[in-house]
Amino acid sequence: MAVNSVRIAAAQMTSINDLATNYATCSRLVKEAASAGAKLLCFPENFSFVGAKDGDSLKIAEPLDGPIMKGYCALARESNMWLSLGGFQERGSDDAHLCNTHVLIDDAGNIRSTYRKMHMFDVNVPGGAVFKESSFTDAGKEIVAMDSPFGRLGLTVCYDLRFPELYQQLRFHHGAEVLLVPAAFTKVTGEAHWEILLRARAIETQCYVIAAAQAGKHSEKRESFGDTLIIDPWGTVIGRLPDRVSTGIAVADIDFSMIESVRTKMPISQHRKPIEFWKQASV
């Protein structure tokens, strides 16, 4: 590990409709990450629960000070490790809604930041299922970036990945150096677009991208693509599990000197046009 670097890990797992089973899996993966020398472990979207049928997630949704999140705060504290948890089923504006919330916990077990997913997955998957996340989820409205021992982190969730404007904002207006993309891509969309979208986000922002993924069959009705990835600011995949759907962790080092080098040699932040330019150019 380089002097100006820090080791991180990204989890891959198959969450089910059992909170205790998922917590046990997460605990095991935290131990693996600690043994590998990682100081941050990123979990995928719906790490704590994936419902088997419509409405299950609403039934278990809790506020961030509820027992589910308190359990994960204790896990972070006991393992002396930062945890990226996204998205968590946070209780929403009423009993019929939740928030898909990315929670960042420090190594003392304190919640340091929260981001609520902006872009709702209301999609007819080609040859697959129909999803309408907005029917039970309150969309977030705030961009979230925060300083950490792992660089300045930009928080996103899953379907956000298809909207480069968010990542441009995180890099060029909020100073992000590492983009977190916890996800549960479907098998169909993952096969088509997962890696290429993640590498594009890394290249166009010159950021590290950490993409923890749900993988495999959660139930008879739901299957996720998997393929947890860690990508450097040049767009190179530097962390990946050997099996796309197995449970485990990918480990890599965030090298701060590489971020600086890539951005200095290709200073796109200086070359990009401001919004005012595009408004005038469109007249």
# chains A, B, ... in the order shown; residues from 1 in each chain; ligands from 1
$ closest_atom_pairs --of "stretch 193-238 of chain A" --to "stretch 125-131 of chain A" --cutoff "12 Å" --atoms "only C-alpha atoms" --output "Markdown table"
| residue | atom | partner | partner_atom | distance |
| --- | --- | --- | --- | --- |
| A:Lys221 | CA | A:Ala129 | CA | 8.8 |
| A:Arg222 | CA | A:Ala129 | CA | 8.9 |
| A:Glu223 | CA | A:Ala129 | CA | 10.5 |
$ residues_around --residues "A:Ala212" --least-positions-apart "2" --cutoff "12 Å" --atoms "only C-alpha atoms" --output "number ranges by chain"
A: 8-14, 41-47, 83-87, 156-158, 179-185, 194-195, 198, 209-210, 214-215, 224-231, 239-241, 244-245, 247-251
$ write_last_selection --atoms "N, CA and C atoms" --output "compact mmCIF listing (two decimals), in the first residue's frame"
# COMPACT_ATOMS: atom_id res chain seq x y z
N ILE A 8 -9.71 0.24 1.26
CA ILE A 8 -11.17 0.18 1.41
C ILE A 8 -11.66 -1.16 0.84
N ALA A 9 -12.90 -1.49 1.12
CA ALA A 9 -13.49 -2.73 0.61
C ALA A 9 -14.94 -2.49 0.22
N ALA A 10 -15.42 -3.32 -0.70
CA ALA A 10 -16.81 -3.25 -1.15
C ALA A 10 -17.41 -4.65 -1.09
N ALA A 11 -18.59 -4.73 -0.52
CA ALA A 11 -19.23 -6.03 -0.30
C ALA A 11 -20.12 -6.43 -1.47
N GLN A 12 -20.26 -7.74 -1.61
CA GLN A 12 -21.22 -8.33 -2.53
C GLN A 12 -22.01 -9.38 -1.74
N MET A 13 -23.33 -9.33 -1.82
CA MET A 13 -24.15 -10.22 -1.01
C MET A 13 -25.52 -10.42 -1.64
N THR A 14 -26.24 -11.38 -1.11
CA THR A 14 -27.60 -11.67 -1.58
C THR A 14 -28.54 -11.52 -0.40
N LEU A 41 -15.85 -0.19 4.72
CA LEU A 41 -16.53 -1.25 3.98
C LEU A 41 -17.84 -0.70 3.46
N CYS A 42 -18.04 -0.81 2.15
CA CYS A 42 -19.25 -0.33 1.50
C CYS A 42 -20.19 -1.50 1.22
N PHE A 43 -21.42 -1.40 1.71
CA PHE A 43 -22.42 -2.43 1.47
C PHE A 43 -23.36 -2.01 0.34
N PRO A 44 -24.04 -2.96 -0.30
CA PRO A 44 -24.93 -2.62 -1.41
C PRO A 44 -26.27 -2.06 -0.94
N GLU A 45 -27.03 -1.57 -1.88
CA GLU A 45 -28.40 -1.13 -1.64
C GLU A 45 -29.20 -2.29 -1.04
N ASN A 46 -30.10 -1.97 -0.12
CA ASN A 46 -30.96 -2.98 0.51
C ASN A 46 -30.16 -4.05 1.26
N PHE A 47 -29.02 -3.65 1.82
CA PHE A 47 -28.15 -4.57 2.54
C PHE A 47 -28.88 -5.28 3.68
N LEU A 83 -18.58 2.38 7.82
CA LEU A 83 -19.50 1.61 6.99
C LEU A 83 -20.32 2.54 6.11
N SER A 84 -20.40 2.19 4.84
CA SER A 84 -21.32 2.84 3.90
C SER A 84 -22.50 1.90 3.73
N LEU A 85 -23.68 2.37 4.11
CA LEU A 85 -24.89 1.54 4.12
C LEU A 85 -25.95 2.19 3.23
N GLY A 86 -26.14 1.64 2.05
CA GLY A 86 -27.11 2.29 1.17
C GLY A 86 -27.70 1.34 0.15
N GLY A 87 -28.99 1.39 -0.06
CA GLY A 87 -29.90 2.21 0.69
C GLY A 87 -30.63 1.43 1.77
N THR A 156 -24.40 8.37 -3.52
CA THR A 156 -25.48 8.14 -4.47
C THR A 156 -26.07 6.76 -4.19
N VAL A 157 -27.09 6.38 -4.95
CA VAL A 157 -27.69 5.05 -4.83
C VAL A 157 -28.15 4.55 -6.20
N CYS A 158 -27.68 3.41 -6.62
CA CYS A 158 -28.20 2.58 -7.72
C CYS A 158 -28.62 3.34 -8.98
N LEU A 179 -16.62 8.34 -5.36
CA LEU A 179 -18.07 8.24 -5.56
C LEU A 179 -18.55 6.87 -5.10
N LEU A 180 -19.55 6.86 -4.23
CA LEU A 180 -20.11 5.62 -3.71
C LEU A 180 -21.42 5.31 -4.43
N VAL A 181 -21.50 4.09 -4.99
CA VAL A 181 -22.68 3.71 -5.78
C VAL A 181 -23.19 2.35 -5.30
N PRO A 182 -23.77 2.26 -4.12
CA PRO A 182 -24.39 1.00 -3.69
C PRO A 182 -25.59 0.70 -4.57
N ALA A 183 -25.76 -0.57 -4.96
CA ALA A 183 -26.77 -0.85 -5.97
C ALA A 183 -27.37 -2.25 -5.84
N ALA A 184 -28.50 -2.40 -6.53
CA ALA A 184 -29.15 -3.71 -6.71
C ALA A 184 -29.68 -3.75 -8.14
N PHE A 185 -28.76 -3.64 -9.11
CA PHE A 185 -29.15 -3.66 -10.52
C PHE A 185 -29.83 -5.00 -10.85
N TRP A 194 -24.09 -2.11 -16.47
CA TRP A 194 -23.47 -1.89 -15.15
C TRP A 194 -22.02 -1.39 -15.23
N GLU A 195 -21.14 -2.20 -15.78
CA GLU A 195 -19.72 -1.83 -15.77
C GLU A 195 -19.44 -0.59 -16.61
N LEU A 198 -20.44 2.63 -14.77
CA LEU A 198 -19.55 2.92 -13.64
C LEU A 198 -18.20 3.44 -14.12
N VAL A 209 -14.51 5.15 -7.99
CA VAL A 209 -15.90 4.73 -7.86
C VAL A 209 -15.93 3.40 -7.11
N ILE A 210 -16.72 3.36 -6.04
CA ILE A 210 -16.89 2.12 -5.26
C ILE A 210 -18.34 1.70 -5.41
N GLN A 214 -25.74 -5.93 -4.89
CA GLN A 214 -26.53 -7.12 -4.59
C GLN A 214 -26.33 -8.12 -5.73
N ALA A 215 -26.39 -9.42 -5.38
CA ALA A 215 -26.07 -10.44 -6.37
C ALA A 215 -26.94 -11.69 -6.19
N SER A 224 -30.66 -10.12 -8.69
CA SER A 224 -29.77 -8.99 -8.94
C SER A 224 -28.52 -9.44 -9.71
N PHE A 225 -27.94 -8.50 -10.44
CA PHE A 225 -26.82 -8.81 -11.33
C PHE A 225 -25.53 -9.10 -10.60
N GLY A 226 -25.23 -8.34 -9.54
CA GLY A 226 -23.97 -8.53 -8.83
C GLY A 226 -22.83 -7.77 -9.49
N ASP A 227 -21.62 -8.32 -9.39
CA ASP A 227 -20.39 -7.77 -9.96
C ASP A 227 -19.97 -6.47 -9.26
N THR A 228 -19.73 -6.57 -7.95
CA THR A 228 -19.18 -5.45 -7.18
C THR A 228 -17.86 -5.00 -7.81
N LEU A 229 -17.70 -3.67 -7.97
CA LEU A 229 -16.52 -3.13 -8.64
C LEU A 229 -15.92 -1.95 -7.87
N ILE A 230 -14.61 -1.85 -7.94
CA ILE A 230 -13.88 -0.66 -7.49
C ILE A 230 -13.07 -0.18 -8.69
N ILE A 231 -13.21 1.10 -9.04
CA ILE A 231 -12.65 1.64 -10.26
C ILE A 231 -11.83 2.88 -9.93
N GLY A 239 -10.68 -3.51 -8.40
CA GLY A 239 -11.21 -4.42 -7.40
C GLY A 239 -12.45 -5.12 -7.92
N ARG A 240 -12.46 -6.47 -7.80
CA ARG A 240 -13.59 -7.24 -8.34
C ARG A 240 -13.54 -8.64 -7.75
N LEU A 241 -14.68 -9.19 -7.41
CA LEU A 241 -14.71 -10.58 -6.94
C LEU A 241 -14.56 -11.53 -8.13
N ARG A 244 -19.17 -13.37 -9.99
CA ARG A 244 -20.08 -12.22 -10.07
C ARG A 244 -21.22 -12.28 -9.07
N VAL A 245 -21.62 -13.47 -8.61
CA VAL A 245 -22.79 -13.57 -7.73
C VAL A 245 -22.48 -14.15 -6.35
N THR A 247 -20.98 -14.30 -2.42
CA THR A 247 -20.89 -13.37 -1.29
C THR A 247 -19.44 -13.21 -0.90
N GLY A 248 -19.01 -11.95 -0.76
CA GLY A 248 -17.63 -11.70 -0.38
C GLY A 248 -17.30 -10.23 -0.49
N ILE A 249 -16.01 -9.91 -0.50
CA ILE A 249 -15.58 -8.52 -0.58
C ILE A 249 -14.51 -8.35 -1.67
N ALA A 250 -14.52 -7.17 -2.28
CA ALA A 250 -13.42 -6.73 -3.14
C ALA A 250 -12.64 -5.68 -2.36
N VAL A 251 -11.32 -5.71 -2.49
CA VAL A 251 -10.46 -4.81 -1.72
C VAL A 251 -9.55 -4.03 -2.67
$ residues_around --residues "A:Met120" --least-positions-apart "6" --cutoff "9 Å" --atoms "only C-alpha atoms" --output "ChimeraX atom specification"
/A:132-134,137-139,159-160
$ residues_around --residues "A:Thr114" --least-positions-apart "3" --cutoff "8 Å" --atoms "only C-alpha atoms" --output "list in words"
Thr101, His102, Val103, Leu104, Ile111 and Val144 of chain A
$ residues_around --residues "A:Gln206" --least-positions-apart "5" --cutoff "8 Å" --atoms "only C-alpha atoms" --output "short mmCIF file (atom, residue, chain, number, x, y, z; two decimals) with N, CA and C atoms, in the first residue's frame"
data_model
loop_
_atom_site.label_atom_id
_atom_site.label_comp_id
_atom_site.auth_asym_id
_atom_site.auth_seq_id
_atom_site.Cartn_x
_atom_site.Cartn_y
_atom_site.Cartn_z
N GLU A 177 -14.03 13.20 -4.44
CA GLU A 177 -12.87 12.44 -4.93
C GLU A 177 -13.19 10.95 -5.07
N ASP A 232 -10.66 3.02 -10.57
CA ASP A 232 -9.82 4.19 -10.28
C ASP A 232 -10.17 5.37 -11.18
N PRO A 233 -9.57 6.55 -10.95
CA PRO A 233 -9.96 7.75 -11.71
C PRO A 233 -9.61 7.72 -13.20
N TRP A 234 -8.84 6.72 -13.62
CA TRP A 234 -8.52 6.54 -15.04
C TRP A 234 -9.51 5.59 -15.71
N ILE A 259 -5.24 10.46 -7.83
CA ILE A 259 -6.30 11.43 -8.11
C ILE A 259 -5.68 12.74 -8.56
N VAL A 262 -3.94 12.35 -12.18
CA VAL A 262 -4.89 12.29 -13.30
C VAL A 262 -5.50 13.66 -13.55
N ARG A 263 -5.86 14.36 -12.49
CA ARG A 263 -6.53 15.66 -12.64
C ARG A 263 -5.55 16.75 -13.11
#
$ residues_around --residues "A:Asp95" --least-positions-apart "6" --cutoff "12 Å" --atoms "only C-alpha atoms" --output "list of chain:residue names"
A:Gly55, A:Ser57, A:Leu58, A:Lys59, A:Ile60, A:Ala61, A:Glu62, A:Pro63, A:Phe136, A:Thr137, A:Asp138
$ atom_distance --atom1 "atom CA of A:Ala38" --atom2 "atom CA of A:Arg162"
28.5 Å
$ select_by_dssp --residues "stretch 138-208 of chain A" --states "helix (DSSP H, G or I)" --output "MDAnalysis selection string"
chainID A and resid 158:162 164:172 187:205
$ write_last_selection --atoms "C-alpha atoms" --output "PDB file, in the first residue's frame"
ATOM      1  CA  CYS A 158     -28.203   2.579  -7.717  1.00  0.00           C
ATOM      2  CA  TYR A 159     -30.443   4.146 -10.425  1.00  0.00           C
ATOM      3  CA  ASP A 160     -28.747   7.513  -9.806  1.00  0.00           C
ATOM      4  CA  LEU A 161     -25.893   6.018 -11.851  1.00  0.00           C
ATOM      5  CA  ARG A 162     -27.779   6.700 -15.110  1.00  0.00           C
ATOM      6  CA  PRO A 164     -24.362  11.925 -15.010  1.00  0.00           C
ATOM      7  CA  GLU A 165     -25.517  15.404 -13.931  1.00  0.00           C
ATOM      8  CA  LEU A 166     -25.511  14.271 -10.300  1.00  0.00           C
ATOM      9  CA  TYR A 167     -21.931  13.022 -10.549  1.00  0.00           C
ATOM     10  CA  GLN A 168     -20.825  16.170 -12.352  1.00  0.00           C
ATOM     11  CA  GLN A 169     -22.289  18.189  -9.491  1.00  0.00           C
ATOM     12  CA  LEU A 170     -20.550  16.007  -6.919  1.00  0.00           C
ATOM     13  CA  ARG A 171     -17.152  16.406  -8.591  1.00  0.00           C
ATOM     14  CA  PHE A 172     -17.142  19.965  -9.876  1.00  0.00           C
ATOM     15  CA  LYS A 187     -29.826  -9.043 -14.064  1.00  0.00           C
ATOM     16  CA  VAL A 188     -31.021  -7.674 -17.427  1.00  0.00           C
ATOM     17  CA  THR A 189     -29.874  -4.068 -16.935  1.00  0.00           C
ATOM     18  CA  GLY A 190     -26.677  -5.132 -15.184  1.00  0.00           C
ATOM     19  CA  GLU A 191     -25.563  -7.348 -18.041  1.00  0.00           C
ATOM     20  CA  ALA A 192     -26.163  -4.505 -20.495  1.00  0.00           C
ATOM     21  CA  HIS A 193     -24.954  -1.409 -18.656  1.00  0.00           C
ATOM     22  CA  TRP A 194     -23.474  -1.888 -15.151  1.00  0.00           C
ATOM     23  CA  GLU A 195     -19.717  -1.834 -15.774  1.00  0.00           C
ATOM     24  CA  ILE A 196     -19.751   0.627 -18.660  1.00  0.00           C
ATOM     25  CA  LEU A 197     -21.798   3.198 -16.697  1.00  0.00           C
ATOM     26  CA  LEU A 198     -19.549   2.919 -13.644  1.00  0.00           C
ATOM     27  CA  ARG A 199     -16.362   3.271 -15.658  1.00  0.00           C
ATOM     28  CA  ALA A 200     -17.842   6.248 -17.514  1.00  0.00           C
ATOM     29  CA  ARG A 201     -18.673   7.993 -14.229  1.00  0.00           C
ATOM     30  CA  ALA A 202     -15.105   7.404 -13.002  1.00  0.00           C
ATOM     31  CA  ILE A 203     -13.517   8.675 -16.225  1.00  0.00           C
ATOM     32  CA  GLU A 204     -15.660  11.772 -16.670  1.00  0.00           C
ATOM     33  CA  THR A 205     -15.273  12.879 -13.027  1.00  0.00           C
TER      34      THR A 205
END
$ select_by_dssp --residues "stretch 216-282 of chain A" --states "strand (DSSP E or B)" --output "mmCIF file with C-alpha atoms, in the first residue's frame"
data_model
loop_
_atom_site.group_PDB
_atom_site.id
_atom_site.type_symbol
_atom_site.label_atom_id
_atom_site.label_comp_id
_atom_site.auth_asym_id
_atom_site.auth_seq_id
_atom_site.Cartn_x
_atom_site.Cartn_y
_atom_site.Cartn_z
ATOM 1 C CA GLY A 216 -28.110 -13.528 -7.251
ATOM 2 C CA LYS A 217 -31.624 -14.648 -6.399
ATOM 3 C CA GLU A 223 -32.703 -11.446 -8.950
ATOM 4 C CA SER A 224 -29.770 -8.994 -8.945
ATOM 5 C CA PHE A 225 -26.824 -8.806 -11.335
ATOM 6 C CA LEU A 229 -16.521 -3.130 -8.643
ATOM 7 C CA ILE A 230 -13.882 -0.660 -7.487
ATOM 8 C CA ILE A 231 -12.647 1.641 -10.261
ATOM 9 C CA VAL A 237 -11.194 -1.768 -12.609
ATOM 10 C CA ILE A 238 -8.912 -2.339 -9.609
ATOM 11 C CA GLY A 239 -11.210 -4.424 -7.403
ATOM 12 C CA ARG A 240 -13.594 -7.237 -8.336
ATOM 13 C CA GLY A 248 -17.627 -11.698 -0.383
ATOM 14 C CA ILE A 249 -15.584 -8.518 -0.583
ATOM 15 C CA ALA A 250 -13.420 -6.730 -3.140
ATOM 16 C CA VAL A 251 -10.457 -4.807 -1.717
ATOM 17 C CA ALA A 252 -8.438 -1.926 -3.180
ATOM 18 C CA ASP A 253 -6.401 1.101 -2.135
ATOM 19 C CA ILE A 254 -7.505 4.696 -2.633
ATOM 20 C CA ASP A 255 -4.316 6.400 -3.832
#
$ atom_distance --atom1 "atom CA of A:Arg152" --atom2 "atom CA of A:Arg28"
27.2 Å
$ residues_around --residues "A:Asn100" --least-positions-apart "6" --cutoff "6 Å" --atoms "only C-alpha atoms" --output "JSON, numbers by chain"
{"A": [87, 88, 89, 116, 117]}
$ write_last_selection --atoms "all heavy atoms" --output "short mmCIF file (atom, residue, chain, number, x, y, z; two decimals), in the first residue's frame"
data_model
loop_
_atom_site.label_atom_id
_atom_site.label_comp_id
_atom_site.auth_asym_id
_atom_site.auth_seq_id
_atom_site.Cartn_x
_atom_site.Cartn_y
_atom_site.Cartn_z
N GLY A 87 -28.99 1.39 -0.06
CA GLY A 87 -29.90 2.21 0.69
C GLY A 87 -30.63 1.43 1.77
O GLY A 87 -31.01 0.28 1.59
N PHE A 88 -30.86 2.14 2.82
CA PHE A 88 -31.59 1.64 3.97
C PHE A 88 -33.05 2.06 3.87
O PHE A 88 -33.35 3.17 3.44
CB PHE A 88 -30.96 2.20 5.24
CG PHE A 88 -31.69 1.88 6.51
CD1 PHE A 88 -31.70 0.59 7.01
CD2 PHE A 88 -32.37 2.88 7.20
CE1 PHE A 88 -32.37 0.30 8.19
CE2 PHE A 88 -33.04 2.59 8.38
CZ PHE A 88 -33.04 1.30 8.87
N GLN A 89 -33.94 1.17 4.29
CA GLN A 89 -35.37 1.50 4.25
C GLN A 89 -35.72 2.37 5.46
O GLN A 89 -36.08 1.88 6.53
CB GLN A 89 -36.23 0.22 4.25
CG GLN A 89 -36.11 -0.59 2.97
CD GLN A 89 -35.09 -1.72 3.06
OE1 GLN A 89 -34.29 -1.76 3.98
NE2 GLN A 89 -35.13 -2.63 2.10
N ARG A 116 -30.57 10.71 0.56
CA ARG A 116 -31.80 10.02 0.16
C ARG A 116 -31.89 9.99 -1.37
O ARG A 116 -31.79 11.03 -2.02
CB ARG A 116 -33.01 10.71 0.80
CG ARG A 116 -33.01 10.49 2.31
CD ARG A 116 -33.99 11.32 3.09
NE ARG A 116 -33.88 11.01 4.52
CZ ARG A 116 -33.02 11.61 5.36
NH1 ARG A 116 -32.22 12.56 4.93
NH2 ARG A 116 -32.97 11.23 6.63
N LYS A 117 -32.03 8.80 -1.90
CA LYS A 117 -31.98 8.57 -3.34
C LYS A 117 -32.92 9.50 -4.09
O LYS A 117 -34.10 9.62 -3.75
CB LYS A 117 -32.36 7.11 -3.62
CG LYS A 117 -32.28 6.67 -5.07
CD LYS A 117 -32.70 5.21 -5.18
CE LYS A 117 -32.67 4.71 -6.60
NZ LYS A 117 -33.21 3.34 -6.69
#
$ atom_distance --atom1 "atom CA of A:Leu64" --atom2 "atom CA of A:Arg91"
8.1 Å
